file run.cif (mmCIF, N, CA and C atoms)
data_my_file
#
loop_
_atom_site.group_PDB
_atom_site.id
_atom_site.type_symbol
_atom_site.label_atom_id
_atom_site.label_comp_id
_atom_site.auth_asym_id
_atom_site.auth_seq_id
_atom_site.Cartn_x
_atom_site.Cartn_y
_atom_site.Cartn_z
ATOM 1 N N MET A 1 0.821 -1.196 0.000
ATOM 2 C CA MET A 1 0.000 0.000 0.000
ATOM 3 C C MET A 1 0.865 1.261 0.000
ATOM 4 N N LYS A 2 1.984 1.217 0.740
ATOM 5 C CA LYS A 2 2.848 2.389 0.803
ATOM 6 C C LYS A 2 3.414 2.727 -0.567
ATOM 7 N N ASP A 3 3.726 1.697 -1.371
ATOM 8 C CA ASP A 3 4.241 1.943 -2.719
ATOM 9 C C ASP A 3 3.223 2.702 -3.554
ATOM 10 N N THR A 4 1.964 2.319 -3.438
ATOM 11 C CA THR A 4 0.899 2.980 -4.182
ATOM 12 C C THR A 4 0.748 4.427 -3.736
ATOM 13 N N GLU A 5 0.854 4.659 -2.429
ATOM 14 C CA GLU A 5 0.750 6.026 -1.918
ATOM 15 C C GLU A 5 1.901 6.886 -2.436
ATOM 16 N N ALA A 6 3.104 6.320 -2.448
ATOM 17 C CA ALA A 6 4.265 7.060 -2.951
ATOM 18 C C ALA A 6 4.097 7.348 -4.435
ATOM 19 N N PHE A 7 3.588 6.359 -5.172
ATOM 20 C CA PHE A 7 3.383 6.544 -6.606
ATOM 21 C C PHE A 7 2.349 7.641 -6.857
ATOM 22 N N THR A 8 1.262 7.620 -6.090
ATOM 23 C CA THR A 8 0.218 8.639 -6.227
ATOM 24 C C THR A 8 0.773 10.018 -5.903
ATOM 25 N N ARG A 9 1.591 10.107 -4.854
ATOM 26 C CA ARG A 9 2.198 11.381 -4.481
ATOM 27 C C ARG A 9 3.100 11.885 -5.609
ATOM 28 N N ASP A 10 3.866 10.975 -6.219
ATOM 29 C CA ASP A 10 4.746 11.394 -7.309
ATOM 30 C C ASP A 10 3.952 11.814 -8.543
ATOM 31 N N ILE A 11 2.828 11.175 -8.786
ATOM 32 C CA ILE A 11 1.981 11.585 -9.907
ATOM 33 C C ILE A 11 1.493 13.009 -9.671
ATOM 34 N N SER A 12 1.087 13.310 -8.439
ATOM 35 C CA SER A 12 0.628 14.677 -8.174
ATOM 36 C C SER A 12 1.785 15.656 -8.270
ATOM 37 N N ASP A 13 3.004 15.223 -7.907
ATOM 38 C CA ASP A 13 4.179 16.077 -8.095
ATOM 39 C C ASP A 13 4.371 16.380 -9.580
ATOM 40 N N TYR A 14 4.173 15.354 -10.412
ATOM 41 C CA TYR A 14 4.317 15.552 -11.848
ATOM 42 C C TYR A 14 3.293 16.563 -12.367
ATOM 43 N N GLN A 15 2.083 16.457 -11.876
ATOM 44 C CA GLN A 15 1.032 17.353 -12.348
ATOM 45 C C GLN A 15 1.355 18.811 -12.033
ATOM 46 N N ASN A 16 2.156 19.039 -11.008
ATOM 47 C CA ASN A 16 2.562 20.393 -10.648
ATOM 48 C C ASN A 16 3.929 20.760 -11.219
ATOM 49 N N SER A 17 4.502 19.882 -11.999
ATOM 50 C CA SER A 17 5.855 20.091 -12.512
ATOM 51 C C SER A 17 5.841 20.972 -13.760
ATOM 52 N N PRO A 18 7.007 21.451 -14.142
ATOM 53 C CA PRO A 18 7.096 22.244 -15.366
ATOM 54 C C PRO A 18 6.748 21.433 -16.618
ATOM 55 N N LEU A 19 6.814 20.113 -16.521
ATOM 56 C CA LEU A 19 6.461 19.284 -17.674
ATOM 57 C C LEU A 19 4.964 19.321 -17.949
ATOM 58 N N ALA A 20 4.185 19.439 -16.895
ATOM 59 C CA ALA A 20 2.735 19.376 -17.045
ATOM 60 C C ALA A 20 2.108 20.731 -17.335
ATOM 61 N N THR A 21 2.780 21.791 -16.963
ATOM 62 C CA THR A 21 2.223 23.122 -17.191
ATOM 63 C C THR A 21 3.252 24.002 -17.865
ATOM 64 N N SER A 22 2.835 24.692 -18.895
ATOM 65 C CA SER A 22 3.731 25.675 -19.498
ATOM 66 C C SER A 22 3.005 27.006 -19.506
ATOM 67 N N VAL A 23 2.839 27.536 -18.314
ATOM 68 C CA VAL A 23 2.145 28.795 -18.129
ATOM 69 C C VAL A 23 2.969 29.935 -18.714
ATOM 70 N N ASN A 24 4.278 29.910 -18.447
ATOM 71 C CA ASN A 24 5.177 30.955 -18.943
ATOM 72 C C ASN A 24 6.146 30.347 -19.946
ATOM 73 N N PRO A 25 5.810 30.378 -21.216
ATOM 74 C CA PRO A 25 6.730 29.809 -22.200
ATOM 75 C C PRO A 25 8.048 30.581 -22.194
ATOM 76 N N PRO A 26 9.165 29.893 -22.447
ATOM 77 C CA PRO A 26 10.467 30.561 -22.437
ATOM 78 C C PRO A 26 10.539 31.646 -23.509
ATOM 79 N N LYS A 27 11.156 32.764 -23.133
ATOM 80 C CA LYS A 27 11.235 33.893 -24.066
ATOM 81 C C LYS A 27 12.540 33.925 -24.837
ATOM 82 N N THR A 28 13.594 33.400 -24.215
ATOM 83 C CA THR A 28 14.896 33.413 -24.885
ATOM 84 C C THR A 28 15.380 31.988 -25.079
ATOM 85 N N GLU A 29 16.358 31.830 -25.938
ATOM 86 C CA GLU A 29 16.929 30.510 -26.177
ATOM 87 C C GLU A 29 17.606 29.984 -24.913
ATOM 88 N N ALA A 30 18.286 30.863 -24.183
ATOM 89 C CA ALA A 30 18.950 30.453 -22.940
ATOM 90 C C ALA A 30 17.917 29.976 -21.914
ATOM 91 N N GLU A 31 16.802 30.672 -21.824
ATOM 92 C CA GLU A 31 15.733 30.273 -20.904
ATOM 93 C C GLU A 31 15.149 28.931 -21.323
ATOM 94 N N GLN A 32 14.995 28.734 -22.612
ATOM 95 C CA GLN A 32 14.478 27.464 -23.111
ATOM 96 C C GLN A 32 15.451 26.324 -22.785
ATOM 97 N N ILE A 33 16.737 26.570 -22.944
ATOM 98 C CA ILE A 33 17.745 25.554 -22.630
ATOM 99 C C ILE A 33 17.716 25.215 -21.153
ATOM 100 N N ARG A 34 17.630 26.234 -20.293
ATOM 101 C CA ARG A 34 17.552 25.989 -18.841
ATOM 102 C C ARG A 34 16.318 25.171 -18.497
ATOM 103 N N ARG A 35 15.205 25.506 -19.102
ATOM 104 C CA ARG A 35 13.964 24.779 -18.832
ATOM 105 C C ARG A 35 14.079 23.322 -19.292
ATOM 106 N N LEU A 36 14.653 23.115 -20.450
ATOM 107 C CA LEU A 36 14.825 21.747 -20.948
ATOM 108 C C LEU A 36 15.773 20.948 -20.054
ATOM 109 N N GLN A 37 16.832 21.594 -19.577
ATOM 110 C CA GLN A 37 17.748 20.912 -18.659
ATOM 111 C C GLN A 37 17.018 20.523 -17.377
ATOM 112 N N HIS A 38 16.181 21.426 -16.892
ATOM 113 C CA HIS A 38 15.395 21.139 -15.683
ATOM 114 C C HIS A 38 14.451 19.964 -15.934
ATOM 115 N N GLU A 39 13.819 19.942 -17.074
ATOM 116 C CA GLU A 39 12.901 18.854 -17.410
ATOM 117 C C GLU A 39 13.633 17.527 -17.522
ATOM 118 N N VAL A 40 14.828 17.546 -18.100
ATOM 119 C CA VAL A 40 15.622 16.322 -18.203
ATOM 120 C C VAL A 40 15.969 15.808 -16.811
ATOM 121 N N GLU A 41 16.384 16.698 -15.918
ATOM 122 C CA GLU A 41 16.700 16.289 -14.548
ATOM 123 C C GLU A 41 15.471 15.723 -13.852
ATOM 124 N N PHE A 42 14.339 16.357 -14.057
ATOM 125 C CA PHE A 42 13.089 15.879 -13.467
ATOM 126 C C PHE A 42 12.772 14.471 -13.974
ATOM 127 N N LEU A 43 12.915 14.251 -15.268
ATOM 128 C CA LEU A 43 12.628 12.937 -15.844
ATOM 129 C C LEU A 43 13.604 11.877 -15.343
ATOM 130 N N LYS A 44 14.846 12.253 -15.138
ATOM 131 C CA LYS A 44 15.828 11.313 -14.575
ATOM 132 C C LYS A 44 15.384 10.871 -13.182
ATOM 133 N N GLN A 45 14.926 11.814 -12.387
ATOM 134 C CA GLN A 45 14.447 11.485 -11.041
ATOM 135 C C GLN A 45 13.231 10.568 -11.111
ATOM 136 N N GLU A 46 12.344 10.857 -12.032
ATOM 137 C CA GLU A 46 11.156 10.008 -12.195
ATOM 138 C C GLU A 46 11.549 8.590 -12.592
ATOM 139 N N MET A 47 12.518 8.462 -13.495
ATOM 140 C CA MET A 47 12.971 7.135 -13.924
ATOM 141 C C MET A 47 13.576 6.365 -12.748
ATOM 142 N N GLU A 48 14.377 7.040 -11.934
ATOM 143 C CA GLU A 48 14.965 6.393 -10.766
ATOM 144 C C GLU A 48 13.875 5.929 -9.800
ATOM 145 N N PHE A 49 12.872 6.754 -9.605
ATOM 146 C CA PHE A 49 11.764 6.369 -8.738
ATOM 147 C C PHE A 49 11.068 5.125 -9.289
ATOM 148 N N LEU A 50 10.779 5.122 -10.573
ATOM 149 C CA LEU A 50 10.075 3.979 -11.169
ATOM 150 C C LEU A 50 10.913 2.706 -11.091
ATOM 151 N N LYS A 51 12.217 2.831 -11.300
ATOM 152 C CA LYS A 51 13.092 1.659 -11.170
ATOM 153 C C LYS A 51 12.981 1.078 -9.765
ATOM 154 N N LYS A 52 13.083 1.945 -8.752
ATOM 155 C CA LYS A 52 12.999 1.484 -7.365
ATOM 156 C C LYS A 52 11.630 0.893 -7.071
ATOM 157 N N PHE A 53 10.591 1.552 -7.545
ATOM 158 C CA PHE A 53 9.221 1.081 -7.326
ATOM 159 C C PHE A 53 9.055 -0.335 -7.865
ATOM 160 N N PHE A 54 9.503 -0.567 -9.096
ATOM 161 C CA PHE A 54 9.311 -1.883 -9.697
ATOM 162 C C PHE A 54 10.269 -2.920 -9.119
ATOM 163 N N LEU A 55 11.464 -2.523 -8.701
ATOM 164 C CA LEU A 55 12.361 -3.463 -8.042
ATOM 165 C C LEU A 55 11.760 -3.959 -6.738
ATOM 166 N N ILE A 56 11.191 -3.045 -5.958
ATOM 167 C CA ILE A 56 10.558 -3.430 -4.694
ATOM 168 C C ILE A 56 9.355 -4.317 -4.961
ATOM 169 N N ARG A 57 8.553 -3.922 -5.926
ATOM 170 C CA ARG A 57 7.354 -4.696 -6.254
ATOM 171 C C ARG A 57 7.722 -6.105 -6.725
ATOM 172 N N ASN A 58 8.723 -6.196 -7.596
ATOM 173 C CA ASN A 58 9.142 -7.514 -8.094
ATOM 174 C C ASN A 58 9.733 -8.361 -6.979
ATOM 175 N N ALA A 59 10.490 -7.745 -6.082
ATOM 176 C CA ALA A 59 11.072 -8.490 -4.964
ATOM 177 C C ALA A 59 9.963 -9.046 -4.072
ATOM 178 N N ARG A 60 8.953 -8.250 -3.807
ATOM 179 C CA ARG A 60 7.831 -8.721 -2.978
ATOM 180 C C ARG A 60 7.087 -9.867 -3.655
ATOM 181 N N ASN A 61 6.899 -9.747 -4.975
ATOM 182 C CA ASN A 61 6.205 -10.822 -5.706
ATOM 183 C C ASN A 61 7.001 -12.114 -5.674
ATOM 184 N N GLN A 62 8.331 -12.039 -5.746
ATOM 185 C CA GLN A 62 9.161 -13.232 -5.705
ATOM 186 C C GLN A 62 9.116 -13.890 -4.332
ATOM 187 N N VAL A 63 9.054 -13.076 -3.283
ATOM 188 C CA VAL A 63 8.972 -13.619 -1.921
ATOM 189 C C VAL A 63 7.649 -14.345 -1.727
ATOM 190 N N HIS A 64 6.567 -13.752 -2.222
ATOM 191 C CA HIS A 64 5.248 -14.362 -2.065
ATOM 192 C C HIS A 64 5.095 -15.616 -2.916
ATOM 193 N N CYS A 65 5.790 -15.691 -4.038
ATOM 194 C CA CYS A 65 5.681 -16.841 -4.927
ATOM 195 C C CYS A 65 6.562 -18.002 -4.482
ATOM 196 N N SER A 66 7.568 -17.732 -3.677
ATOM 197 C CA SER A 66 8.506 -18.783 -3.265
ATOM 198 C C SER A 66 7.920 -19.686 -2.223
#
call {"tool": "encode", "arguments": {"input": "run.cif", "output": "structure tokens"}}
result
Amino acid sequence: MKDTEAFTRDISDYQNSPLATSVNPPKTEAEQIRRLQHEVEFLKQEMEFLKKFFLIRNARNQVHCS
């Protein structure tokens, strides 16, 4: 259950992230580059979270199946 709660919390974090809203589009190329770098970092964090989430889930499934 805790995994689901963490996943739900991260989904709501995403909904508030710069990826989900572009209220202020970048005005300069430098601003656009900074925003894209921020988005890449955000996506890296999301990927790490998903890796951990599925590793834990798979480990639990293997314990229950053994």
call {"tool": "axis_aligned_box", "arguments": {"input": "run.cif", "around": "range 32-37 of chain A", "padding_each_side": "6 Å", "output": "JSON"}}
result
{"center_x": 15.9, "center_y": 24.6, "center_z": -20.2, "size_x": 15.8, "size_y": 20.2, "size_z": 17.7}
call {"tool": "atom_distance", "arguments": {"input": "run.cif", "atom1": "atom C of Ala30 in chain A", "atom2": "atom N of Glu48 in chain A"}}
result
25.3 Å
call {"tool": "atom_distance", "arguments": {"input": "run.cif", "atom1": "CA of Arg34 in chain A", "atom2": "atom N of Glu46 in chain A"}}
result
17.4 Å
